[in-house]
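Participant: As input, take run38.csv (CSV, C-alpha atoms and all ligand atoms):
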```csv
chain,number,residue,atom,x,y,z
P,22,MET,CA,110.7,78.4,100.3
P,23,GLY,CA,110.3,81.7,98.6
P,24,GLU,CA,109.8,82.7,95.0
P,25,GLU,CA,111.9,79.9,93.4
P,26,THR,CA,109.3,77.3,94.5
P,27,ALA,CA,106.3,79.6,94.4
P,28,VAL,CA,103.4,78.5,92.2
P,29,VAL,CA,101.9,81.9,92.0
P,30,VAL,CA,103.2,85.4,92.7
P,31,ALA,CA,101.0,88.5,92.6
P,32,SER,CA,101.6,92.2,93.5
P,33,ALA,CA,99.4,95.3,94.1
P,34,PRO,CA,100.2,99.0,94.6
P,35,GLY,CA,99.7,101.2,97.7
P,36,LYS,CA,97.7,104.4,97.4
P,37,CYS,CA,97.8,108.0,98.3
P,38,ILE,CA,94.8,110.3,98.6
P,39,LEU,CA,95.2,113.5,96.6
P,40,PHE,CA,91.9,115.1,97.6
P,41,GLY,CA,88.9,114.6,99.9
P,42,GLU,CA,89.8,112.5,102.9
P,43,HIS,CA,87.4,112.8,105.7
P,44,ALA,CA,84.9,114.7,103.5
P,45,VAL,CA,84.4,111.4,101.6
P,46,VAL,CA,82.9,109.9,104.8
P,47,TYR,CA,80.1,112.5,104.4
P,48,GLY,CA,79.5,111.8,100.7
P,49,GLU,CA,81.9,114.3,99.1
P,50,PRO,CA,84.2,113.1,96.3
P,51,ALA,CA,87.7,111.9,97.0
P,52,VAL,CA,90.6,111.2,94.6
P,53,ALA,CA,93.3,108.6,95.2
P,54,VAL,CA,96.3,107.5,93.0
P,55,ALA,CA,98.1,104.1,92.9
P,56,ILE,CA,101.7,104.6,93.9
P,57,GLU,CA,104.8,102.9,92.6
P,58,GLN,CA,105.4,101.1,95.9
P,59,ARG,CA,103.9,97.6,95.8
P,60,LEU,CA,103.2,94.6,98.0
P,61,THR,CA,104.1,91.2,96.7
P,62,VAL,CA,102.7,87.8,97.8
P,63,SER,CA,104.2,84.5,96.7
P,64,MET,CA,102.4,81.2,97.4
P,65,SER,CA,104.1,77.8,97.5
P,66,ASN,CA,102.8,74.3,98.3
P,67,ALA,CA,103.3,73.4,102.0
P,68,GLY,CA,102.1,71.1,104.7
P,69,THR,CA,100.1,73.7,106.6
P,70,TRP,CA,98.7,77.2,105.9
P,71,SER,CA,101.2,79.8,107.0
P,72,VAL,CA,102.1,83.5,106.5
P,73,ASP,CA,105.8,84.4,106.6
P,74,GLY,CA,106.5,81.3,108.7
P,75,SER,CA,103.6,81.7,111.3
P,76,ALA,CA,100.4,79.6,111.2
P,77,LEU,CA,97.5,81.3,109.4
P,78,ASP,CA,95.4,82.8,112.1
P,79,ASN,CA,92.1,84.8,111.8
P,80,GLN,CA,93.1,87.2,114.5
P,81,LYS,CA,96.5,88.0,113.0
P,82,HIS,CA,95.6,87.7,109.3
P,83,PRO,CA,91.9,88.5,109.0
P,84,HIS,CA,92.2,89.6,105.3
P,85,ILE,CA,94.0,86.5,104.3
P,86,THR,CA,91.8,84.1,106.2
P,87,MET,CA,88.7,85.5,104.6
P,88,LEU,CA,90.1,85.3,101.1
P,89,ARG,CA,91.4,81.7,101.8
P,90,ASN,CA,87.9,80.7,103.1
P,91,ALA,CA,86.3,82.1,100.0
P,92,TRP,CA,88.5,80.6,97.3
P,93,LEU,CA,90.8,77.9,98.7
P,94,LYS,CA,88.9,76.4,101.6
P,95,ASP,CA,89.3,72.8,100.5
P,96,ALA,CA,92.5,73.2,98.6
P,97,PRO,CA,95.8,71.8,99.8
P,98,PRO,CA,97.6,74.1,102.2
P,99,MET,CA,100.1,76.8,101.1
P,100,ALA,CA,102.8,79.0,102.5
P,101,LEU,CA,102.4,82.7,101.8
P,102,HIS,CA,105.4,85.1,101.8
P,103,VAL,CA,104.7,88.8,101.8
P,104,SER,CA,107.3,91.4,100.8
P,105,GLY,CA,107.3,94.9,99.4
P,106,ASP,CA,108.0,98.6,100.1
P,107,ILE,CA,104.7,100.0,101.3
P,108,PRO,CA,105.1,101.0,105.0
P,109,SER,CA,102.3,99.6,107.0
P,110,ALA,CA,99.8,101.6,109.2
P,111,SER,CA,100.8,104.9,107.6
P,112,GLY,CA,97.8,105.6,105.4
P,113,LEU,CA,99.4,104.2,102.2
P,114,GLY,CA,96.9,101.4,101.8
P,115,SER,CA,99.2,98.4,102.6
P,116,SER,CA,96.3,96.3,103.9
P,117,ALA,CA,94.2,96.8,100.8
P,118,ALA,CA,97.3,96.0,98.7
P,119,LEU,CA,97.6,92.8,100.7
P,120,SER,CA,93.9,91.9,100.1
P,121,ALA,CA,94.3,92.7,96.4
P,122,ALA,CA,97.5,90.7,95.8
P,123,VAL,CA,96.4,87.7,98.0
P,124,GLY,CA,92.9,87.8,96.4
P,125,ALA,CA,94.4,87.8,92.8
P,126,ALA,CA,96.8,84.9,93.7
P,127,MET,CA,94.1,82.8,95.3
P,128,HIS,CA,91.5,83.5,92.7
P,129,HIS,CA,94.0,82.5,90.0
P,130,LEU,CA,94.7,79.2,91.9
P,131,SER,CA,91.0,78.4,92.1
P,132,ASN,CA,90.3,79.5,88.5
P,133,PRO,CA,93.5,79.2,86.6
P,134,SER,CA,91.9,79.7,83.2
P,135,LYS,CA,90.3,83.0,84.1
P,136,GLY,CA,92.0,86.4,83.9
P,137,ILE,CA,91.8,88.9,86.8
P,138,ASP,CA,88.2,89.9,87.3
P,139,ARG,CA,88.9,93.4,88.6
P,140,ASP,CA,85.3,94.2,89.6
P,141,GLY,CA,84.9,91.0,91.5
P,142,LEU,CA,88.3,91.2,93.1
P,143,SER,CA,87.9,94.8,94.3
P,144,ALA,CA,84.5,94.0,95.7
P,145,PHE,CA,86.1,91.1,97.6
P,146,ALA,CA,89.1,93.2,98.7
P,147,HIS,CA,86.7,95.8,100.0
P,148,ARG,CA,84.8,93.2,102.0
P,149,ALA,CA,88.0,91.9,103.4
P,150,GLU,CA,89.0,95.5,104.4
P,151,ALA,CA,85.5,95.9,106.0
P,152,HIS,CA,85.8,92.5,107.8
P,153,ALA,CA,89.2,93.6,109.3
P,154,GLN,CA,88.0,97.1,110.3
P,155,GLU,CA,84.8,96.1,112.1
P,156,GLY,CA,82.5,96.9,109.2
P,157,ARG,CA,83.8,100.3,108.3
P,158,ALA,CA,85.7,100.8,105.1
P,159,SER,CA,85.3,102.9,102.0
P,160,PRO,CA,86.1,101.2,98.8
P,161,MET,CA,88.8,103.7,98.0
P,162,ASP,CA,91.9,101.7,99.1
P,163,ALA,CA,90.7,98.4,97.6
P,164,SER,CA,89.6,99.9,94.2
P,165,THR,CA,92.8,101.9,93.8
P,166,SER,CA,95.0,98.9,94.6
P,167,VAL,CA,93.1,96.7,92.2
P,168,GLU,CA,92.4,99.2,89.4
P,169,GLY,CA,95.6,101.2,89.5
P,170,GLY,CA,95.8,104.7,87.9
P,171,VAL,CA,93.6,107.3,89.5
P,172,VAL,CA,90.4,106.5,91.3
P,173,VAL,CA,87.5,108.8,92.1
P,174,VAL,CA,85.0,107.8,94.8
P,175,SER,CA,81.7,109.8,95.3
P,176,ASP,CA,78.2,109.3,96.5
P,177,ARG,CA,77.0,110.1,93.0
P,178,LYS,CA,78.2,109.4,89.4
P,179,GLU,CA,80.7,112.1,88.5
P,180,SER,CA,81.1,113.4,85.0
P,181,VAL,CA,84.8,112.6,84.9
P,182,GLY,CA,86.8,109.5,83.8
P,183,ARG,CA,85.0,106.2,83.4
P,184,TRP,CA,82.4,105.0,85.9
P,185,LEU,CA,83.4,101.5,87.0
P,186,TYR,CA,80.9,100.2,89.5
P,187,THR,CA,78.7,100.9,92.6
P,188,ARG,CA,79.8,99.6,96.0
P,189,ARG,CA,77.4,99.0,98.9
P,190,LEU,CA,78.3,98.1,102.4
P,191,THR,CA,76.2,97.7,105.6
P,192,THR,CA,78.2,99.5,108.2
P,193,PRO,CA,77.4,99.7,112.0
P,194,GLU,CA,76.0,103.2,111.1
P,195,GLY,CA,73.8,102.0,108.3
P,196,GLU,CA,73.8,101.3,104.5
P,197,ARG,CA,76.5,103.1,102.5
P,198,THR,CA,76.8,103.5,98.7
P,199,TRP,CA,79.7,104.7,96.7
P,200,GLU,CA,80.2,105.3,92.9
P,201,VAL,CA,83.7,104.3,91.8
P,202,HIS,CA,85.4,105.9,88.7
P,203,GLY,CA,88.7,105.3,87.0
P,204,LEU,CA,90.8,108.1,85.4
P,205,LYS,CA,93.9,108.3,83.2
P,206,PRO,CA,95.3,111.8,83.7
P,207,PRO,CA,97.6,113.3,81.0
P,208,GLU,CA,101.2,112.3,81.6
P,209,ASP,CA,103.7,114.9,82.7
P,210,GLU,CA,107.0,115.1,84.5
P,211,VAL,CA,105.5,115.5,87.9
P,212,TYR,CA,106.0,113.3,91.0
P,213,LEU,CA,104.6,112.6,94.4
P,214,VAL,CA,106.9,112.8,97.4
P,215,LEU,CA,105.4,111.0,100.4
P,216,GLY,CA,106.8,112.1,103.8
P,217,ASN,CA,106.2,109.8,106.7
P,218,THR,CA,106.0,111.4,110.1
P,219,GLY,CA,106.5,108.0,111.8
P,220,VAL,CA,103.6,109.0,114.1
P,221,TYR,CA,100.9,106.4,114.5
P,222,ALA,CA,97.4,107.7,114.5
P,223,PRO,CA,94.6,105.2,113.9
P,224,THR,CA,92.1,106.1,111.1
P,225,SER,CA,89.1,105.1,113.3
P,226,GLN,CA,90.1,107.7,116.0
P,227,GLN,CA,90.6,110.5,113.5
P,228,VAL,CA,87.3,109.7,111.8
P,229,ALA,CA,85.6,109.7,115.2
P,230,MET,CA,87.1,113.0,116.1
P,231,VAL,CA,85.6,114.7,113.0
P,232,ALA,CA,82.2,113.1,113.8
P,233,GLN,CA,82.4,114.5,117.3
P,234,ALA,CA,83.3,118.0,116.0
P,235,LEU,CA,80.3,117.9,113.6
P,236,GLU,CA,78.0,116.8,116.4
P,237,ALA,CA,79.2,119.6,118.6
P,238,ALA,CA,78.8,122.2,115.9
P,239,PRO,CA,76.6,121.0,113.0
P,240,SER,CA,77.3,124.1,110.9
P,241,ARG,CA,80.9,122.8,110.5
P,242,ILE,CA,79.4,120.6,107.7
P,243,GLN,CA,80.2,123.7,105.6
P,244,GLU,CA,83.9,122.9,106.0
P,245,ILE,CA,83.2,119.4,104.8
P,246,GLN,CA,81.4,120.8,101.8
P,247,ALA,CA,84.2,123.2,101.1
P,248,ILE,CA,86.6,120.2,101.0
P,249,GLY,CA,84.2,118.6,98.4
P,250,ALA,CA,84.3,121.8,96.3
P,251,ILE,CA,88.1,121.8,96.3
P,252,ALA,CA,88.2,118.1,95.5
P,253,ARG,CA,86.0,118.8,92.4
P,254,ARG,CA,88.2,121.7,91.4
P,255,GLY,CA,91.4,119.6,91.9
P,256,LEU,CA,89.9,116.8,89.9
P,257,ALA,CA,89.0,119.0,87.0
P,258,ALA,CA,92.6,120.3,86.9
P,259,LEU,CA,93.9,116.8,87.0
P,260,VAL,CA,91.8,115.7,84.1
P,261,LYS,CA,93.1,118.6,82.1
P,262,GLY,CA,96.7,117.9,83.2
P,263,ASP,CA,97.0,121.4,84.8
P,264,TYR,CA,99.3,120.3,87.6
P,265,GLU,CA,100.0,123.8,88.9
P,266,ALA,CA,96.2,124.0,89.6
P,267,VAL,CA,96.3,120.5,91.1
P,268,GLY,CA,99.0,121.5,93.5
P,269,HIS,CA,97.2,124.7,94.4
P,270,ALA,CA,94.0,122.8,95.2
P,271,MET,CA,96.1,120.3,97.3
P,272,SER,CA,97.4,123.2,99.5
P,273,GLU,CA,93.9,124.7,99.8
P,274,ASN,CA,92.6,121.3,100.9
P,275,GLN,CA,95.3,121.1,103.5
P,276,LEU,CA,94.2,124.5,105.1
P,277,LEU,CA,90.7,123.0,105.5
P,278,LEU,CA,92.0,119.8,106.9
P,279,ARG,CA,94.1,121.7,109.4
P,280,ASN,CA,91.0,123.8,110.5
P,281,LEU,CA,89.1,120.6,110.8
P,282,GLY,CA,91.7,119.5,113.4
P,283,VAL,CA,93.1,116.4,111.7
P,284,SER,CA,96.6,117.8,111.0
P,285,SER,CA,99.5,117.6,113.5
P,286,PRO,CA,102.7,119.6,114.2
P,287,GLU,CA,104.8,116.9,112.6
P,288,LEU,CA,102.7,116.9,109.4
P,289,GLU,CA,102.7,120.7,109.3
P,290,SER,CA,106.5,120.8,109.6
P,291,LEU,CA,107.0,118.3,106.7
P,292,ILE,CA,104.4,120.2,104.6
P,293,GLN,CA,106.1,123.5,105.3
P,294,ALA,CA,109.5,122.0,104.4
P,295,ALA,CA,108.1,120.7,101.1
P,296,ALA,CA,106.4,124.0,100.1
P,297,PRO,CA,109.3,126.0,98.5
P,298,SER,CA,110.1,123.2,96.0
P,299,SER,CA,106.6,121.8,95.3
P,300,LEU,CA,103.4,122.7,93.5
P,301,GLY,CA,101.3,121.9,96.6
P,302,ALA,CA,101.4,119.7,99.7
P,303,LYS,CA,98.9,118.3,102.2
P,304,LEU,CA,98.5,115.4,104.6
P,305,THR,CA,97.2,112.2,103.0
P,306,GLY,CA,94.9,109.7,104.6
P,307,ALA,CA,93.4,110.2,108.1
P,308,GLY,CA,96.0,112.6,109.4
P,309,GLY,CA,97.1,113.1,113.0
P,310,GLY,CA,100.3,111.4,112.0
P,311,GLY,CA,101.0,109.1,109.1
P,312,CYS,CA,102.0,110.7,105.8
P,313,MET,CA,101.9,113.9,103.9
P,314,VAL,CA,102.2,114.2,100.1
P,315,ALA,CA,103.8,116.9,98.0
P,316,LEU,CA,103.3,117.3,94.2
P,317,THR,CA,106.6,118.3,92.7
P,318,ARG,CA,108.6,118.7,89.5
P,319,ASP,CA,111.8,118.3,91.5
P,320,PRO,CA,111.4,115.2,93.6
P,321,LYS,CA,115.0,115.0,94.7
P,322,GLN,CA,114.9,118.5,96.2
P,323,THR,CA,111.5,118.1,97.8
P,324,SER,CA,112.5,114.7,99.2
P,325,GLU,CA,115.7,116.1,100.7
P,326,ALA,CA,113.8,119.0,102.3
P,327,ILE,CA,111.3,116.7,103.9
P,328,GLU,CA,114.0,114.4,105.2
P,329,LEU,CA,115.9,117.4,106.7
P,330,ALA,CA,112.7,118.2,108.6
P,331,GLY,CA,112.6,114.7,110.0
P,332,GLY,CA,110.4,112.8,107.6
P,333,ARG,CA,111.1,109.4,105.8
P,334,THR,CA,110.3,109.8,102.1
P,335,LEU,CA,109.2,107.8,99.2
P,336,ILE,CA,109.0,109.1,95.6
P,337,SER,CA,106.3,107.9,93.2
P,338,SER,CA,105.0,108.8,89.8
P,339,ILE,CA,101.2,109.4,89.4
P,340,GLY,CA,98.9,106.6,88.4
P,341,ASN,CA,100.7,103.3,88.5
P,342,GLY,CA,99.5,99.8,87.5
P,343,GLY,CA,97.0,97.9,89.6
P,344,VAL,CA,97.1,94.4,90.8
P,345,ARG,CA,98.8,91.9,88.6
P,346,LEU,CA,100.0,88.3,88.5
P,347,ASP,CA,103.8,88.3,88.3
P,348,LYS,CA,104.1,84.5,88.0
P,349,SER,CA,101.3,82.0,87.5
P,350,VAL,CA,100.7,78.3,87.3
P,351,ASN,CA,99.9,78.4,83.6
L,401,LIG,O1,94.3,106.7,106.5
L,401,LIG,P1,93.7,106.0,105.4
L,401,LIG,O2,94.5,105.9,104.2
L,401,LIG,O3,93.0,104.7,105.7
L,401,LIG,O4,92.5,107.0,104.8
L,401,LIG,C1,91.4,107.4,105.6
L,401,LIG,C2,90.5,108.2,104.7
L,401,LIG,C3,89.4,108.7,105.5
L,401,LIG,O5,88.6,109.6,104.6
L,401,LIG,C4,89.8,109.6,106.7
L,401,LIG,C5,88.4,107.6,106.0
L,401,LIG,C6,87.7,106.9,104.9
L,401,LIG,O6,87.1,105.8,105.3
L,401,LIG,O7,87.6,107.3,103.8
```
I need this file expressed as structure tokens, please.
Facilitator:
Amino acid sequence: MGEETAVVVASAPGKCILFGEHAVVYGEPAVAVAIEQRLTVSMSNAGTWSVDGSALDNQKHPHITMLRNAWLKDAPPMALHVSGDIPSASGLGSSAALSAAVGAAMHHLSNPSKGIDRDGLSAFAHRAEAHAQEGRASPMDASTSVEGGVVVVSDRKESVGRWLYTRRLTTPEGERTWEVHGLKPPEDEVYLVLGNTGVYAPTSQQVAMVAQALEAAPSRIQEIQAIGAIARRGLAALVKGDYEAVGHAMSENQLLLRNLGVSSPELESLIQAAAPSSLGAKLTGAGGGGCMVALTRDPKQTSEAIELAGGRTLISSIGNGGVRLDKSVN
């Protein structure tokens, strides 16, 4: 078993949100980047469908089951092996990377002559995410993992980067629409250091907490709009390659996220530790736990400072490649 007998191997990156988490739920723009850390799936012929040695099961593997039913329902069974360096359940998009990599591998097996259809695959990966999260998922994780680079999601077409597609989803709260754009920011010697608190805080609870806060005090929508304004400013700086201004906007975004109540003492202590050696730092993803991100020109120093404060770190450049086939049947 494993890669030596695999007929197809595909990999996809995790993601990190630079600006706009939570506010994106209310229509404001958000910016995510594909990170260096990837998830790899290898598929080999087998007697029964399995994932890392256990039988394929809709409860345990909702993303994979949905993708298999779509593309390989009547195909001979296969064994899937999943590996990689994206920590799971920490806001770095490991489940979307799983959908993207498995989707690319299965789509290739069902249509070996066709290349990766990124639009179709990201739509599928988004549906698989929504299927696994009771109908609630923005397309941010799936699109970033499939497209790579930098992805901007908004409720309207933004005048930056390249508009890619519109995504629609019927959620339990009604119809949602997102405009998805791709960006290629100017290259520079800057890095992201991701600091994992190791604290588990489910995204759904964090999102519900913000919804309750807004229900209790509707005027707090101004805080959401302020995050949107900072995201637009940070995005403009990113397009220009002004990384000092990007870092500054990240730190401002963090102040608003903290006021909104989605930070945590663990996140604050890692962000504080990163501050002296970085251009800016904030929580990334839903907050309450999970990861923070620092933008830095000295990743070694920033990483050491975060580790000293008790975080587990990963270092990544900005804007890595999206989903790809690493080995294919032809
Ligand atoms: O924790 P993550 O990486 O799943 O990010 C959640 C981002 C939110 O804006 C809080 C929710 C969402 O659906 O966009």
Participant: Is there a way to get, as a count of residues only, all residues within 8 Å of the point (87.4, 102.1, 86.2) in file coordinates, counting all atoms listed in the file?
Facilitator: 11
Participant: Write out as a PyMOL selection string which residues come within 9 Å of Ser116 in chain P when counting all atoms listed in the file, dropping same-chain ones fewer than 2 positions away.
Facilitator: chain P and resi 35+84+109-110+113-114+118-121+150+162-163
Participant: Do a neighbour search on His102 in chain P at 7 Å with only C-alpha atoms, toss out local chain neighbours closer than 6 positions, and write the hits as a PDB file with C-alpha atoms, keeping the file's coordinate frame.
Facilitator:
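part-v1.pdb was written with the following content:
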```
ATOM      1  CA  GLY P  23     110.300  81.700  98.600  1.00  0.00           C
ATOM      2  CA  VAL P  62     102.700  87.800  97.800  1.00  0.00           C
ATOM      3  CA  SER P  63     104.200  84.500  96.700  1.00  0.00           C
ATOM      4  CA  MET P  64     102.400  81.200  97.400  1.00  0.00           C
ATOM      5  CA  VAL P  72     102.100  83.500 106.500  1.00  0.00           C
ATOM      6  CA  ASP P  73     105.800  84.400 106.600  1.00  0.00           C
TER       7      ASP P  73
END
```
Participant: Of the candidates P:Asn132, P:Gln227, P:Thr165, P:Asn79, which shows the shortest atom-to-atom distance to ligand LIG 401 (chain L), using all atoms listed in the file?
Facilitator: P:Gln227
Participant: How would you write, as number ranges by chain, the set of residues no farther than 10 Å from ligand LIG 401 (chain L) when counting all atoms listed in the file?
Facilitator: P: 35-38, 40-49, 51, 53, 110-117, 157-162, 174, 222-229, 231, 283, 304-312
Participant: When distances are computed from only C-alpha atoms, which of P:Ile251, P:Val52, P:Leu281, P:Val181 shows the smallest separation from Leu235 in chain P?
Facilitator: P:Leu281
Participant: Compare P:Glu273, P:Glu196, P:Glu155, P:Glu210 by their minimum atom-to-atom distance to Ser338 in chain P, counting all atoms listed in the file, and give me the closest one.
Facilitator: P:Glu210
Participant: Which one of P:Leu277, P:Met271, P:Val29, P:Ala144 sits closest to Ala315 in chain P if you count all atoms listed in the file?
Facilitator: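 Using all atoms listed in the file, Ala315 in chain P sits closest to P:Met271.
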Participant: Enter the distance from CA of Glu244 in chain P to CA of Ala295 in chain P, in Å, rounded to one decimal.
Facilitator: 24.8 Å
Participant: Ranking P:Gly262, P:Ala302, P:Gly169, P:Ser290 by minimum distance to Gln275 in chain P and counting only C-alpha atoms, which one comes first?
Facilitator: P:Ala302
Participant: What separation in Å, quoted to one decimal, exists between CA of Leu60 in chain P and CA of Met313 in chain P?
Facilitator: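 According to the coordinates, CA of Leu60 in chain P and CA of Met313 in chain P are separated by 20.2 Å.
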Participant: Have a look at P:Gly343, P:Gly68, P:Pro83, P:Gly301 and name the one nearest to Ala153 in chain P; count only C-alpha atoms.
Facilitator: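 Looking at the shortest contact to Ala153 in chain P, the residue is P:Pro83.
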